[in-house]
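Containing mmCIF, C-alpha atoms (C1' of nucleotides): run.cif.
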```
data_target
#
loop_
_atom_site.label_atom_id
_atom_site.label_comp_id
_atom_site.auth_asym_id
_atom_site.auth_seq_id
_atom_site.Cartn_x
_atom_site.Cartn_y
_atom_site.Cartn_z
CA MET T 1 -10.23 5.84 -2.96
CA LYS T 2 -8.84 9.08 -4.21
CA GLU T 3 -12.08 10.98 -4.67
CA THR T 4 -15.13 11.39 -2.52
CA ALA T 5 -17.33 8.37 -2.80
CA ASP T 6 -20.32 10.42 -3.91
CA GLN T 7 -22.60 7.69 -2.77
CA ALA T 8 -26.23 8.50 -2.49
CA ARG T 9 -27.18 8.94 1.14
CA LEU T 10 -30.63 7.74 0.33
CA GLY T 11 -31.99 5.52 -2.36
CA PRO T 12 -35.23 5.90 -4.24
CA GLU T 13 -37.11 4.15 -1.44
CA HIS T 14 -36.14 6.81 1.05
CA ARG T 15 -37.07 9.53 -1.38
CA GLU T 16 -40.44 7.92 -1.88
CA LEU T 17 -41.02 7.55 1.83
CA LEU T 18 -40.14 11.14 2.62
CA GLY T 19 -42.25 12.23 -0.30
CA GLN T 20 -45.25 10.41 1.09
CA VAL T 21 -44.79 11.64 4.61
CA LEU T 22 -43.69 15.21 4.02
CA ASP T 23 -46.00 16.03 1.20
CA LYS T 24 -48.13 19.13 0.91
CA TRP T 25 -50.92 18.07 3.26
CA SER T 26 -49.41 15.21 5.26
CA LEU T 27 -47.35 17.48 7.46
CA GLU T 28 -50.37 19.41 8.54
CA VAL T 29 -52.56 16.37 8.99
CA LEU T 30 -49.94 14.66 11.11
CA ASP T 31 -49.44 17.82 13.11
CA ARG T 32 -53.15 17.99 13.91
CA LEU T 33 -53.33 14.34 14.82
CA CYS T 34 -50.39 14.72 17.16
CA GLU T 35 -52.52 17.09 19.24
CA ARG T 36 -55.40 14.66 19.56
CA PRO T 37 -57.48 12.19 17.56
CA ARG T 38 -59.78 13.79 15.02
CA ARG T 39 -62.77 12.94 12.93
CA PHE T 40 -62.70 13.14 9.17
CA ASN T 41 -64.72 16.32 8.78
CA GLU T 42 -63.04 17.85 11.77
CA LEU T 43 -59.70 17.51 10.00
CA ARG T 44 -61.21 18.80 6.81
CA LYS T 45 -62.44 21.98 8.48
CA ALA T 46 -59.24 22.44 10.44
CA ILE T 47 -57.15 22.60 7.29
CA PRO T 48 -58.38 25.27 4.89
CA GLY T 49 -57.94 24.46 1.23
CA LEU T 50 -57.84 20.72 1.77
CA THR T 51 -60.55 19.03 -0.24
CA GLN T 52 -62.33 15.85 0.71
CA LYS T 53 -60.62 13.93 -2.02
CA SER T 54 -57.15 15.04 -1.05
CA LEU T 55 -57.82 14.36 2.60
CA THR T 56 -58.99 10.85 1.79
CA THR T 57 -55.91 10.20 -0.29
CA THR T 58 -53.59 11.66 2.30
CA LEU T 59 -55.12 9.68 5.15
CA ARG T 60 -55.02 6.42 3.20
CA ARG T 61 -51.38 6.90 2.39
CA LEU T 62 -50.49 7.80 5.95
CA GLU T 63 -52.44 4.80 7.18
CA ARG T 64 -50.70 2.51 4.74
CA ASN T 65 -47.31 3.74 5.90
CA GLY T 66 -48.21 3.11 9.52
CA MET T 67 -48.34 6.78 10.46
CA VAL T 68 -51.98 6.98 11.49
CA GLU T 69 -54.68 4.60 12.65
CA ARG T 70 -58.23 4.57 11.42
CA VAL T 71 -60.83 3.72 14.06
CA VAL T 72 -64.48 3.23 13.23
CA VAL T 73 -66.70 4.50 16.03
CA SER T 74 -70.03 2.70 16.30
CA THR T 75 -72.32 5.63 16.80
CA ARG T 76 -75.36 6.66 14.83
CA PRO T 77 -74.44 7.52 12.19
CA VAL T 78 -71.06 5.84 12.17
CA GLY T 79 -68.03 8.01 12.70
CA VAL T 80 -64.40 7.48 11.82
CA GLU T 81 -61.65 8.69 14.04
CA TYR T 82 -58.06 9.07 12.99
CA ARG T 83 -55.26 8.98 15.51
CA ILE T 84 -51.54 9.19 15.32
CA ALA T 85 -49.84 5.78 15.37
CA ARG T 86 -46.68 4.87 17.22
CA LEU T 87 -44.64 5.16 14.06
CA GLY T 88 -46.19 8.52 13.34
CA LYS T 89 -45.22 9.80 16.77
CA THR T 90 -41.57 9.32 15.85
CA LEU T 91 -42.08 12.14 13.39
CA GLN T 92 -43.57 14.59 15.84
CA ASP T 93 -40.38 16.39 16.82
CA LEU T 94 -39.30 16.57 13.21
CA ILE T 95 -42.60 18.09 12.19
CA ASP T 96 -42.40 20.64 14.96
CA ALA T 97 -38.90 21.52 13.87
CA LEU T 98 -40.01 21.95 10.26
CA LEU T 99 -42.93 24.17 11.17
CA SER T 100 -40.72 26.24 13.44
CA TRP T 101 -38.08 26.57 10.78
CA SER T 102 -40.69 27.73 8.32
CA ALA T 103 -42.14 30.25 10.74
CA THR T 104 -38.71 31.59 11.64
CA HIS T 105 -37.23 31.89 8.19
CA LEU T 106 -40.16 32.77 5.98
CA PRO T 107 -39.48 36.52 6.16
CA GLU T 108 -35.87 36.01 5.10
CA VAL T 109 -36.96 33.75 2.29
CA GLU T 110 -39.38 36.38 1.09
CA ARG T 111 -36.63 38.97 0.99
CA ALA T 112 -34.45 36.54 -0.96
CA ARG T 113 -37.28 36.03 -3.43
CA GLU T 114 -37.71 39.75 -3.94
CA ARG T 115 -34.01 40.17 -4.55
CA PHE T 116 -34.00 37.30 -7.01
CA ASP T 117 -37.07 38.47 -8.87
CA ALA T 118 -35.69 41.99 -9.09
CA ALA T 119 -32.33 40.78 -10.37
CA GLU T 120 -33.66 38.66 -13.24
CA SER T 121 -33.96 41.48 -15.72
CA MET Q 1 -62.49 29.34 25.20
CA LYS Q 2 -64.37 26.12 25.54
CA GLU Q 3 -62.99 24.30 22.54
CA THR Q 4 -59.58 24.10 21.01
CA ALA Q 5 -58.91 27.06 18.79
CA ASP Q 6 -58.19 24.85 15.79
CA GLN Q 7 -56.11 27.59 14.28
CA ALA Q 8 -53.86 26.65 11.47
CA ARG Q 9 -50.29 26.48 12.67
CA LEU Q 10 -49.13 27.43 9.23
CA GLY Q 11 -50.73 29.32 6.42
CA PRO Q 12 -50.50 28.59 2.73
CA GLU Q 13 -47.22 30.50 2.53
CA HIS Q 14 -45.55 28.10 4.92
CA ARG Q 15 -46.92 25.16 3.07
CA GLU Q 16 -45.59 26.55 -0.15
CA LEU Q 17 -42.18 27.22 1.35
CA LEU Q 18 -41.83 23.75 2.81
CA GLY Q 19 -43.06 22.32 -0.44
CA GLN Q 20 -40.34 24.09 -2.36
CA VAL Q 21 -37.58 23.22 0.04
CA LEU Q 22 -38.49 19.68 0.98
CA ASP Q 23 -39.54 18.49 -2.41
CA LYS Q 24 -38.47 15.27 -4.07
CA TRP Q 25 -35.03 16.41 -5.24
CA SER Q 26 -34.34 19.49 -3.15
CA LEU Q 27 -33.53 17.53 -0.03
CA GLU Q 28 -30.87 15.56 -1.80
CA VAL Q 29 -29.44 18.54 -3.65
CA LEU Q 30 -29.19 20.55 -0.45
CA ASP Q 31 -27.64 17.60 1.31
CA ARG Q 32 -24.94 17.34 -1.33
CA LEU Q 33 -24.25 21.04 -1.33
CA CYS Q 34 -23.89 21.01 2.45
CA GLU Q 35 -20.88 18.75 2.00
CA ARG Q 36 -19.15 21.08 -0.44
CA PRO Q 37 -19.81 23.24 -3.49
CA ARG Q 38 -20.56 21.32 -6.64
CA ARG Q 39 -20.72 21.85 -10.36
CA PHE Q 40 -23.89 21.30 -12.32
CA ASN Q 41 -22.98 18.01 -13.93
CA GLU Q 42 -21.30 16.83 -10.78
CA LEU Q 43 -24.63 17.15 -8.98
CA ARG Q 44 -26.40 15.50 -11.85
CA LYS Q 45 -24.19 12.46 -11.71
CA ALA Q 46 -24.28 12.31 -7.94
CA ILE Q 47 -28.05 11.95 -7.88
CA PRO Q 48 -29.24 9.04 -9.99
CA GLY Q 49 -32.57 9.54 -11.66
CA LEU Q 50 -32.36 13.30 -11.60
CA THR Q 51 -32.68 14.69 -15.10
CA GLN Q 52 -31.07 17.85 -16.37
CA LYS Q 53 -34.37 19.63 -16.56
CA SER Q 54 -35.42 18.75 -13.05
CA LEU Q 55 -32.01 19.70 -11.70
CA THR Q 56 -32.21 23.07 -13.40
CA THR Q 57 -35.68 23.69 -12.01
CA THR Q 58 -34.70 22.57 -8.55
CA LEU Q 59 -31.57 24.71 -8.46
CA ARG Q 60 -33.43 27.79 -9.71
CA ARG Q 61 -36.06 27.41 -7.08
CA LEU Q 62 -33.54 26.88 -4.32
CA GLU Q 63 -31.60 29.88 -5.54
CA ARG Q 64 -34.70 32.02 -5.62
CA ASN Q 65 -35.52 31.06 -2.05
CA GLY Q 66 -32.05 31.99 -0.90
CA MET Q 67 -31.00 28.41 -0.18
CA VAL Q 68 -28.14 28.11 -2.65
CA GLU Q 69 -25.82 30.47 -4.48
CA ARG Q 70 -24.90 30.23 -8.12
CA VAL Q 71 -21.32 31.20 -8.92
CA VAL Q 72 -20.00 31.44 -12.46
CA VAL Q 73 -16.41 30.30 -12.63
CA SER Q 74 -14.38 31.96 -15.38
CA THR Q 75 -12.57 28.98 -16.73
CA ARG Q 76 -12.45 27.63 -20.24
CA PRO Q 77 -15.11 26.63 -20.89
CA VAL Q 78 -17.08 28.46 -18.25
CA GLY Q 79 -18.27 26.49 -15.29
CA VAL Q 80 -21.00 27.08 -12.82
CA GLU Q 81 -20.63 26.22 -9.20
CA TYR Q 82 -23.45 25.89 -6.72
CA ARG Q 83 -22.89 26.35 -3.03
CA ILE Q 84 -25.09 26.30 0.01
CA ALA Q 85 -26.14 29.77 1.14
CA ARG Q 86 -26.36 31.00 4.71
CA LEU Q 87 -30.10 30.51 4.71
CA GLY Q 88 -29.70 27.04 3.33
CA LYS Q 89 -27.31 26.12 6.12
CA THR Q 90 -30.09 26.69 8.63
CA LEU Q 91 -31.73 23.62 7.12
CA GLN Q 92 -28.75 21.34 7.42
CA ASP Q 93 -29.59 19.80 10.78
CA LEU Q 94 -33.19 19.35 9.73
CA ILE Q 95 -32.17 17.58 6.56
CA ASP Q 96 -29.83 15.31 8.46
CA ALA Q 97 -32.62 14.51 10.87
CA LEU Q 98 -35.00 13.70 8.03
CA LEU Q 99 -32.54 11.43 6.27
CA SER Q 100 -31.75 9.67 9.55
CA TRP Q 101 -35.41 9.24 10.32
CA SER Q 102 -35.98 7.75 6.92
CA ALA Q 103 -33.05 5.38 7.24
CA THR Q 104 -34.10 4.29 10.71
CA HIS Q 105 -37.77 3.75 10.12
CA LEU Q 106 -37.98 2.53 6.54
CA PRO Q 107 -38.03 -1.15 7.56
CA GLU Q 108 -40.91 -0.55 9.94
CA VAL Q 109 -42.78 1.39 7.30
CA GLU Q 110 -42.32 -1.45 4.87
CA ARG Q 111 -43.78 -3.90 7.34
CA ALA Q 112 -46.71 -1.55 7.88
CA ARG Q 113 -47.28 -1.42 4.14
CA GLU Q 114 -47.28 -5.18 3.84
CA ARG Q 115 -49.80 -5.46 6.63
CA PHE Q 116 -52.00 -2.83 5.05
CA ASP Q 117 -51.82 -4.32 1.58
CA ALA Q 118 -52.58 -7.76 2.91
CA ALA Q 119 -55.55 -6.51 4.92
CA GLU Q 120 -57.32 -4.71 2.09
CA SER Q 121 -59.11 -7.71 0.69
"C1'" DC M 1 -20.25 22.84 -19.77
"C1'" DG M 2 -24.51 24.37 -18.54
"C1'" DG M 3 -28.06 25.37 -19.88
"C1'" DT M 4 -33.00 26.83 -22.85
"C1'" DA M 5 -37.02 25.48 -25.98
"C1'" DT M 6 -40.39 22.43 -27.34
"C1'" DC M 7 -43.33 18.62 -27.41
"C1'" DC M 8 -45.94 15.19 -25.38
"C1'" DA M 9 -47.66 11.55 -22.08
"C1'" DG M 10 -48.79 10.76 -17.42
"C1'" DT M 11 -50.37 12.44 -13.16
"C1'" DC M 12 -52.74 15.37 -9.90
"C1'" DC M 13 -56.60 18.02 -8.30
"C1'" DG M 14 -61.04 20.21 -7.89
"C1'" DA M 15 -65.85 19.93 -8.87
"C1'" DT M 16 -69.67 17.21 -9.00
"C1'" DA M 17 -72.68 13.41 -8.25
"C1'" DC M 18 -73.83 9.44 -5.77
"C1'" DT M 19 -73.74 5.66 -1.61
"C1'" DG M 20 -74.05 2.91 2.92
"C1'" DC R 1 -70.85 11.17 8.38
"C1'" DA R 2 -67.46 9.46 5.52
"C1'" DG R 3 -66.60 8.21 1.90
"C1'" DT R 4 -66.34 6.30 -3.77
"C1'" DA R 5 -66.73 7.29 -8.93
"C1'" DT R 6 -65.90 10.01 -12.65
"C1'" DC R 7 -64.44 13.69 -15.66
"C1'" DG R 8 -61.84 17.68 -17.51
"C1'" DG R 9 -58.07 21.04 -16.94
"C1'" DA R 10 -53.62 22.18 -14.95
"C1'" DC R 11 -49.45 21.00 -13.97
"C1'" DT R 12 -45.14 17.86 -14.12
"C1'" DG R 13 -41.57 15.32 -15.93
"C1'" DG R 14 -39.01 12.89 -19.65
"C1'" DA R 15 -37.02 12.94 -24.34
"C1'" DT R 16 -35.00 15.51 -27.72
"C1'" DA R 17 -32.81 19.21 -30.09
"C1'" DC R 18 -30.27 23.23 -30.06
"C1'" DC R 19 -27.28 27.43 -28.06
"C1'" DG R 20 -23.49 30.55 -25.82
#
```
Output the file's structure as structure tokens, nothing else.
Amino acid sequence: MKETADQARLGPEHRELLGQVLDKWSLEVLDRLCERPRRFNELRKAIPGLTQKSLTTTLRRLERNGMVERVVVSTRPVGVEYRIARLGKTLQDLIDALLSWSATHLPEVERARERFDAAES
Amino acid sequence: MKETADQARLGPEHRELLGQVLDKWSLEVLDRLCERPRRFNELRKAIPGLTQKSLTTTLRRLERNGMVERVVVSTRPVGVEYRIARLGKTLQDLIDALLSWSATHLPEVERARERFDAAES
DNA sequence: CGGTATCCAGTCCGATACTG
DNA sequence: CAGTATCGGACTGGATACCG
């Protein structure tokens, strides 16, 4: 082969998976569940801006992908507890790294944005 | 403090930043540009399914956030080269980790999905 | 070659109302 | 408490045509 192979390092399936796991709210939900199990409304309150509908959708998707477990607690009235699953734990370090990266580099990114916005005359 | 603080570990700005950098196509574009600088159409061909419009949008956003640099090459006809910027390089290890995670755990995730889909009667 | 402009269909998301 | 159902508006993404 004379040229670089240019093979895709990930197919559509990988893109889909990362999209489902790293999406807008999933990161934060997973992060919270890594700390400890949480109830539905507890999660809702812990993450400002997250609506009930989006939380439901996010949790279903994470559950389907084996990232979290849904446990019905037989109290009165019934409660539902979500906890991180084994497969979800394998993401914990990655999530921490992402949040750290974001915290560290946000100021630089903001400066880059200002420069860019100023340049586009 | 008697209860956990429940403070958000990241505000909306961090969510936005991660959303712009980790989105569907950005990961793959950044990954390619980490290897070496690329031309517009070279990128386009290297990433199946990515349309011209989406590539343009993705590159603009990455440029604005200081992740990539756009260099006009004075050839005939003119070419445009994209290269990873210093700030973008700080993501390289993270991106590698994400792609590896995806490659490693996709089979398990698929089994989890089958189980879930079978269970929901 | 590397875009921009426009249109248009599909999807997402919040608000609201209702349920076991 | 923890959802489901539904609806309208915003946003996204693809197809196409054209430009420097």
*Output of the PyMOL selection byres ((chain R) within 12 of (chain T)), listed as an MDAnalysis selection string*: chainID R and resid 1:5
Around all listed atoms of stretch 2-20 of chain M, padded 4 Å per side, what centre and edge lengths does the axis-aligned box have in Å to one decimal, as JSON?
```
{"center_x": -49.3, "center_y": 14.9, "center_z": -12.2, "size_x": 57.5, "size_y": 31.9, "size_z": 38.3}
```
*Applied to the shown file, which residues does the PyMOL selection byres ((chain M) within 12 of (chain T)) return, written as an MDAnalysis selection string?*
chainID M and resid 12:16 20
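Between atom CA of T:Phe116 and atom C1' of M:DT4 there is a distance of 19.0 Å.
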*Taking the file above as input, evaluate the PyMOL selection byres ((chain Q) within 8 of (chain T)) and report the hits as JSON, numbers by chain.*
{"Q": [6, 7, 8, 9, 10, 14, 15, 16, 17, 18, 19, 22, 23, 24, 46, 47, 63, 64, 65, 66, 87, 91, 94, 97, 98, 99, 101, 102, 103, 106, 108, 109, 110, 112, 113, 116, 117]}
*Using all atoms listed in the file, collect all residues at a distance of at most 6 Å from (-27.9, 18.0, -8.1) as written in the file, then present them as a VMD selection string.*
chain Q and resid 29 43 to 44 55
*How many Å lie between atom CA of T:Ile84 and atom CA of Q:Asp96, rounded to one decimal?*
23.6 Å
_For atom C1' of R:DT6 and atom CA of T:Val71, the interatomic separation in Å (one decimal)_ =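 Taking atom C1' of R:DT6 and atom CA of T:Val71, their separation equals 27.9 Å.
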Could you pull stretch 25-39 of chain T out of the structure just shown and give all heavy atoms as a PDB file, in the first residue's frame?
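Final output, saved to selection30.pdb:
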```pdb
ATOM      1  N   TRP T  25     -27.045  14.880  28.267  1.00  0.00           N
ATOM      2  CA  TRP T  25     -27.378  14.639  29.667  1.00  0.00           C
ATOM      3  C   TRP T  25     -26.763  13.373  30.227  1.00  0.00           C
ATOM      4  O   TRP T  25     -26.580  13.244  31.440  1.00  0.00           O
ATOM      5  CB  TRP T  25     -28.896  14.568  29.847  1.00  0.00           C
ATOM      6  CG  TRP T  25     -29.610  15.791  29.399  1.00  0.00           C
ATOM      7  CD1 TRP T  25     -30.456  15.900  28.333  1.00  0.00           C
ATOM      8  CD2 TRP T  25     -29.553  17.102  29.992  1.00  0.00           C
ATOM      9  NE1 TRP T  25     -30.925  17.184  28.236  1.00  0.00           N
ATOM     10  CE2 TRP T  25     -30.383  17.939  29.241  1.00  0.00           C
ATOM     11  CE3 TRP T  25     -28.876  17.633  31.087  1.00  0.00           C
ATOM     12  CZ2 TRP T  25     -30.571  19.289  29.548  1.00  0.00           C
ATOM     13  CZ3 TRP T  25     -29.051  18.967  31.389  1.00  0.00           C
ATOM     14  CH2 TRP T  25     -29.891  19.787  30.618  1.00  0.00           C
ATOM     15  N   SER T  26     -26.455  12.415  29.373  1.00  0.00           N
ATOM     16  CA  SER T  26     -25.988  11.112  29.862  1.00  0.00           C
ATOM     17  C   SER T  26     -24.741  11.231  30.716  1.00  0.00           C
ATOM     18  O   SER T  26     -24.626  10.584  31.761  1.00  0.00           O
ATOM     19  CB  SER T  26     -25.716  10.186  28.680  1.00  0.00           C
ATOM     20  OG  SER T  26     -26.903   9.923  27.989  1.00  0.00           O
ATOM     21  N   LEU T  27     -23.806  12.056  30.275  1.00  0.00           N
ATOM     22  CA  LEU T  27     -22.572  12.236  31.022  1.00  0.00           C
ATOM     23  C   LEU T  27     -22.864  12.602  32.460  1.00  0.00           C
ATOM     24  O   LEU T  27     -22.331  12.011  33.394  1.00  0.00           O
ATOM     25  CB  LEU T  27     -21.744  13.359  30.393  1.00  0.00           C
ATOM     26  CG  LEU T  27     -20.690  12.973  29.372  1.00  0.00           C
ATOM     27  CD1 LEU T  27     -19.890  14.202  28.979  1.00  0.00           C
ATOM     28  CD2 LEU T  27     -19.773  11.928  29.982  1.00  0.00           C
ATOM     29  N   GLU T  28     -23.737  13.577  32.620  1.00  0.00           N
ATOM     30  CA  GLU T  28     -24.017  14.074  33.948  1.00  0.00           C
ATOM     31  C   GLU T  28     -24.785  13.050  34.778  1.00  0.00           C
ATOM     32  O   GLU T  28     -24.515  12.867  35.958  1.00  0.00           O
ATOM     33  CB  GLU T  28     -24.811  15.376  33.858  1.00  0.00           C
ATOM     34  CG  GLU T  28     -24.290  16.418  34.800  1.00  0.00           C
ATOM     35  CD  GLU T  28     -24.625  17.818  34.307  1.00  0.00           C
ATOM     36  OE1 GLU T  28     -24.852  17.984  33.091  1.00  0.00           O
ATOM     37  OE2 GLU T  28     -24.681  18.714  35.132  1.00  0.00           O
ATOM     38  N   VAL T  29     -25.729  12.384  34.131  1.00  0.00           N
ATOM     39  CA  VAL T  29     -26.489  11.366  34.844  1.00  0.00           C
ATOM     40  C   VAL T  29     -25.559  10.255  35.320  1.00  0.00           C
ATOM     41  O   VAL T  29     -25.590   9.847  36.486  1.00  0.00           O
ATOM     42  CB  VAL T  29     -27.602  10.794  33.942  1.00  0.00           C
ATOM     43  CG1 VAL T  29     -28.213   9.554  34.567  1.00  0.00           C
ATOM     44  CG2 VAL T  29     -28.672  11.844  33.698  1.00  0.00           C
ATOM     45  N   LEU T  30     -24.718   9.785  34.422  1.00  0.00           N
ATOM     46  CA  LEU T  30     -23.783   8.728  34.794  1.00  0.00           C
ATOM     47  C   LEU T  30     -22.865   9.195  35.913  1.00  0.00           C
ATOM     48  O   LEU T  30     -22.587   8.461  36.867  1.00  0.00           O
ATOM     49  CB  LEU T  30     -22.955   8.304  33.570  1.00  0.00           C
ATOM     50  CG  LEU T  30     -23.702   7.470  32.536  1.00  0.00           C
ATOM     51  CD1 LEU T  30     -22.852   7.258  31.294  1.00  0.00           C
ATOM     52  CD2 LEU T  30     -24.110   6.138  33.131  1.00  0.00           C
ATOM     53  N   ASP T  31     -22.403  10.410  35.806  1.00  0.00           N
ATOM     54  CA  ASP T  31     -21.517  10.952  36.831  1.00  0.00           C
ATOM     55  C   ASP T  31     -22.191  10.913  38.193  1.00  0.00           C
ATOM     56  O   ASP T  31     -21.598  10.496  39.185  1.00  0.00           O
ATOM     57  CB  ASP T  31     -21.126  12.376  36.447  1.00  0.00           C
ATOM     58  CG  ASP T  31     -20.109  12.963  37.406  1.00  0.00           C
ATOM     59  OD1 ASP T  31     -19.142  12.243  37.719  1.00  0.00           O
ATOM     60  OD2 ASP T  31     -20.284  14.112  37.843  1.00  0.00           O
ATOM     61  N   ARG T  32     -23.440  11.336  38.253  1.00  0.00           N
ATOM     62  CA  ARG T  32     -24.168  11.332  39.514  1.00  0.00           C
ATOM     63  C   ARG T  32     -24.365   9.929  40.043  1.00  0.00           C
ATOM     64  O   ARG T  32     -24.270   9.670  41.239  1.00  0.00           O
ATOM     65  CB  ARG T  32     -25.537  11.995  39.350  1.00  0.00           C
ATOM     66  CG  ARG T  32     -25.460  13.457  39.065  1.00  0.00           C
ATOM     67  CD  ARG T  32     -24.293  14.062  39.810  1.00  0.00           C
ATOM     68  NE  ARG T  32     -24.182  15.487  39.578  1.00  0.00           N
ATOM     69  CZ  ARG T  32     -24.828  16.387  40.296  1.00  0.00           C
ATOM     70  NH1 ARG T  32     -25.595  16.009  41.275  1.00  0.00           N
ATOM     71  NH2 ARG T  32     -24.666  17.659  40.018  1.00  0.00           N
ATOM     72  N   LEU T  33     -24.666   9.009  39.138  1.00  0.00           N
ATOM     73  CA  LEU T  33     -24.929   7.636  39.576  1.00  0.00           C
ATOM     74  C   LEU T  33     -23.654   6.914  39.978  1.00  0.00           C
ATOM     75  O   LEU T  33     -23.703   5.926  40.703  1.00  0.00           O
ATOM     76  CB  LEU T  33     -25.674   6.870  38.485  1.00  0.00           C
ATOM     77  CG  LEU T  33     -27.094   7.370  38.217  1.00  0.00           C
ATOM     78  CD1 LEU T  33     -27.753   6.526  37.142  1.00  0.00           C
ATOM     79  CD2 LEU T  33     -27.931   7.354  39.487  1.00  0.00           C
ATOM     80  N   CYS T  34     -22.516   7.419  39.536  1.00  0.00           N
ATOM     81  CA  CYS T  34     -21.254   6.840  39.978  1.00  0.00           C
ATOM     82  C   CYS T  34     -21.023   7.137  41.451  1.00  0.00           C
ATOM     83  O   CYS T  34     -20.439   6.338  42.185  1.00  0.00           O
ATOM     84  CB  CYS T  34     -20.086   7.387  39.149  1.00  0.00           C
ATOM     85  SG  CYS T  34     -19.904   6.588  37.553  1.00  0.00           S
ATOM     86  N   GLU T  35     -21.510   8.275  41.903  1.00  0.00           N
ATOM     87  CA  GLU T  35     -21.360   8.636  43.319  1.00  0.00           C
ATOM     88  C   GLU T  35     -22.151   7.672  44.196  1.00  0.00           C
ATOM     89  O   GLU T  35     -21.645   7.100  45.146  1.00  0.00           O
ATOM     90  CB  GLU T  35     -21.869  10.056  43.572  1.00  0.00           C
ATOM     91  CG  GLU T  35     -21.048  11.148  42.903  1.00  0.00           C
ATOM     92  CD  GLU T  35     -21.742  12.508  43.024  1.00  0.00           C
ATOM     93  OE1 GLU T  35     -22.688  12.617  43.831  1.00  0.00           O
ATOM     94  OE2 GLU T  35     -21.349  13.445  42.308  1.00  0.00           O
ATOM     95  N   ARG T  36     -23.418   7.526  43.856  1.00  0.00           N
ATOM     96  CA  ARG T  36     -24.293   6.640  44.628  1.00  0.00           C
ATOM     97  C   ARG T  36     -25.604   6.472  43.869  1.00  0.00           C
ATOM     98  O   ARG T  36     -25.918   7.276  43.001  1.00  0.00           O
ATOM     99  CB  ARG T  36     -24.565   7.224  46.005  1.00  0.00           C
ATOM    100  CG  ARG T  36     -25.206   8.606  45.975  1.00  0.00           C
ATOM    101  CD  ARG T  36     -25.428   9.133  47.389  1.00  0.00           C
ATOM    102  NE  ARG T  36     -25.763  10.547  47.405  1.00  0.00           N
ATOM    103  CZ  ARG T  36     -26.984  11.037  47.208  1.00  0.00           C
ATOM    104  NH1 ARG T  36     -27.988  10.229  46.921  1.00  0.00           N
ATOM    105  NH2 ARG T  36     -27.206  12.335  47.269  1.00  0.00           N
ATOM    106  N   PRO T  37     -26.384   5.443  44.228  1.00  0.00           N
ATOM    107  CA  PRO T  37     -27.679   5.264  43.586  1.00  0.00           C
ATOM    108  C   PRO T  37     -28.571   6.469  43.878  1.00  0.00           C
ATOM    109  O   PRO T  37     -28.422   7.112  44.917  1.00  0.00           O
ATOM    110  CB  PRO T  37     -28.241   4.016  44.262  1.00  0.00           C
ATOM    111  CG  PRO T  37     -27.047   3.289  44.781  1.00  0.00           C
ATOM    112  CD  PRO T  37     -26.074   4.350  45.168  1.00  0.00           C
ATOM    113  N   ARG T  38     -29.462   6.747  42.945  1.00  0.00           N
ATOM    114  CA  ARG T  38     -30.348   7.900  43.108  1.00  0.00           C
ATOM    115  C   ARG T  38     -31.764   7.563  42.680  1.00  0.00           C
ATOM    116  O   ARG T  38     -31.984   6.724  41.819  1.00  0.00           O
ATOM    117  CB  ARG T  38     -29.865   9.061  42.245  1.00  0.00           C
ATOM    118  CG  ARG T  38     -28.422   9.412  42.435  1.00  0.00           C
ATOM    119  CD  ARG T  38     -28.293  10.789  42.944  1.00  0.00           C
ATOM    120  NE  ARG T  38     -26.887  11.162  43.097  1.00  0.00           N
ATOM    121  CZ  ARG T  38     -26.518  12.290  43.654  1.00  0.00           C
ATOM    122  NH1 ARG T  38     -27.403  13.140  44.091  1.00  0.00           N
ATOM    123  NH2 ARG T  38     -25.239  12.580  43.779  1.00  0.00           N
ATOM    124  N   ARG T  39     -32.679   8.290  43.251  1.00  0.00           N
ATOM    125  CA  ARG T  39     -34.078   8.185  42.842  1.00  0.00           C
ATOM    126  C   ARG T  39     -34.319   9.098  41.658  1.00  0.00           C
ATOM    127  O   ARG T  39     -33.559  10.035  41.417  1.00  0.00           O
ATOM    128  CB  ARG T  39     -34.985   8.584  44.009  1.00  0.00           C
ATOM    129  CG  ARG T  39     -34.792   7.736  45.250  1.00  0.00           C
ATOM    130  CD  ARG T  39     -35.567   6.454  45.152  1.00  0.00           C
ATOM    131  NE  ARG T  39     -36.989   6.730  45.191  1.00  0.00           N
ATOM    132  CZ  ARG T  39     -37.729   6.692  46.298  1.00  0.00           C
ATOM    133  NH1 ARG T  39     -37.175   6.324  47.420  1.00  0.00           N
ATOM    134  NH2 ARG T  39     -39.005   6.984  46.263  1.00  0.00           N
TER     135      ARG T  39
END
```
